[in-house]
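Data block below; observations after.
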Amino acid sequence: MRYRVALIGGGIIARNHLDAVGRLDKLEAAAVADTDEGKGRALAEEYGISYYRDYREMVLRERPDIAVIALPHYLHAPCAVWCAEQGCHLLLEKPMALNTAQCDDILAAVKHAGVKLMVGHTQHYKPANILAKRLIQSGELGRLLAIHDTRHQYYYRDNRPGWFLEKEKSGGGILMNLGAHSIDKVQWLTDSRVRRVKAKVTYEGPRGDVEGSGCLFLEMDSGLSAVILQSGYEGVARDETELIFTQGMAKLVSAEGLWVSVGGKYEQVQPLPEEDPFILQFEDLLRAIELGVEPDSSGEYARSVIAALEAVYASDRTGVEQDVEA
């Protein structure tokens, strides 16, 4: 069986999805919807698919099997709920929604419609991350004691769409956007969930009302401790995760590789073959649809990332450590 795919949102990440669809025999791109007609039509012409300004019209006319939702964060919940009600399986870009209440609305709609939902946490499919997870599970360096994840990237660049910097539309700044990746990475690597959070964030950006940095101390339900430090202000870009074990250390750079140290300098682990994370996540979704199982990044899992982020903002606002809502 071939599955027809419709893309809702024609932004930068749209091509990643359409390229992946084009490389999988079981998938066929049907159409794209975007309210920006110039952008949407150009994308449709490039990939030889239909264009719609209104995603509802597209779904009702094209009847896709899978809807890929790549919209601004504040539109995730209403779009996902409506598409589920039309019988579409969903690939929803992260973050799942603005808050856990919206996540629950999506989960209820998906359950009622009997469709599958996958949230696009692509950290699960990066070769270096897969190697790091295997290292943790192997026990080769003993027990994992702590994780220190650091990510610096200038967040206020001129070409960032304005809605990213409006809390009402984005849900938050660097932590809602890139922090979601870091929380997901820590949870996925360790097969655990964030249980408790103490956080401090800052609002020093040149525009918008969202945070530009954050320092998070996380306690996992496994007892593991993790620190996430992110800055969206000027400086050197960095994306690195340090894993501290009882018998050594590892340095994970998700886009480059994994290095291990046992009493000396870091030595790189033989890398895995590079595979497109967008292809791998589509394959995961197809497996879920065809076998009736949940994908690796299910709606329930993705909700846990949003619950942790809610606790982050609450901790900063109150100055008090927060338990994460189950």
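Here's how to read the names in the structure tokens: chain A, B, ... by the order shown, residue numbers from 1 in each chain, ligand numbers from 1 in the order shown.
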Exercise. For region 138-155 of chain A, please output as a count of residues only all residues within 9 Å (counting only C-alpha atoms; exclusion window: fewer than 5 positions along the same chain).
Key: 41
Exercise. From region 134-272 of chain A, collect each residue whose DSSP state is strand (DSSP E or B) and return the set as a VMD selection string.
Key: chain A and resid 144 to 152 194 to 202 213 to 220 225 to 231 238 to 245 248 to 253 257 to 261 267 to 268
Quiz item: Near region 99-114 of chain A, counting only C-alpha atoms, which residues have an atom at most 9 Å away, once you skip same-chain residues fewer than 5 positions from it, shown as a ChimeraX atom specification?
Solution: /A:76-78,80-82,84-90,171,299-300,302-304,306-307,309-310,325
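CA of Val197 (chain A) is positioned 5.8 Å from CA of Phe217 (chain A).
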Quiz prompt | Residue among A:His124, A:Pro273, A:Ala42, A:Ala6 lying closest to Arg61 (chain A), counting only C-alpha atoms | solution = A:Ala6
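The coordinates place CA of Arg317 (chain A) at 28.7 Å from CA of Gln123 (chain A).
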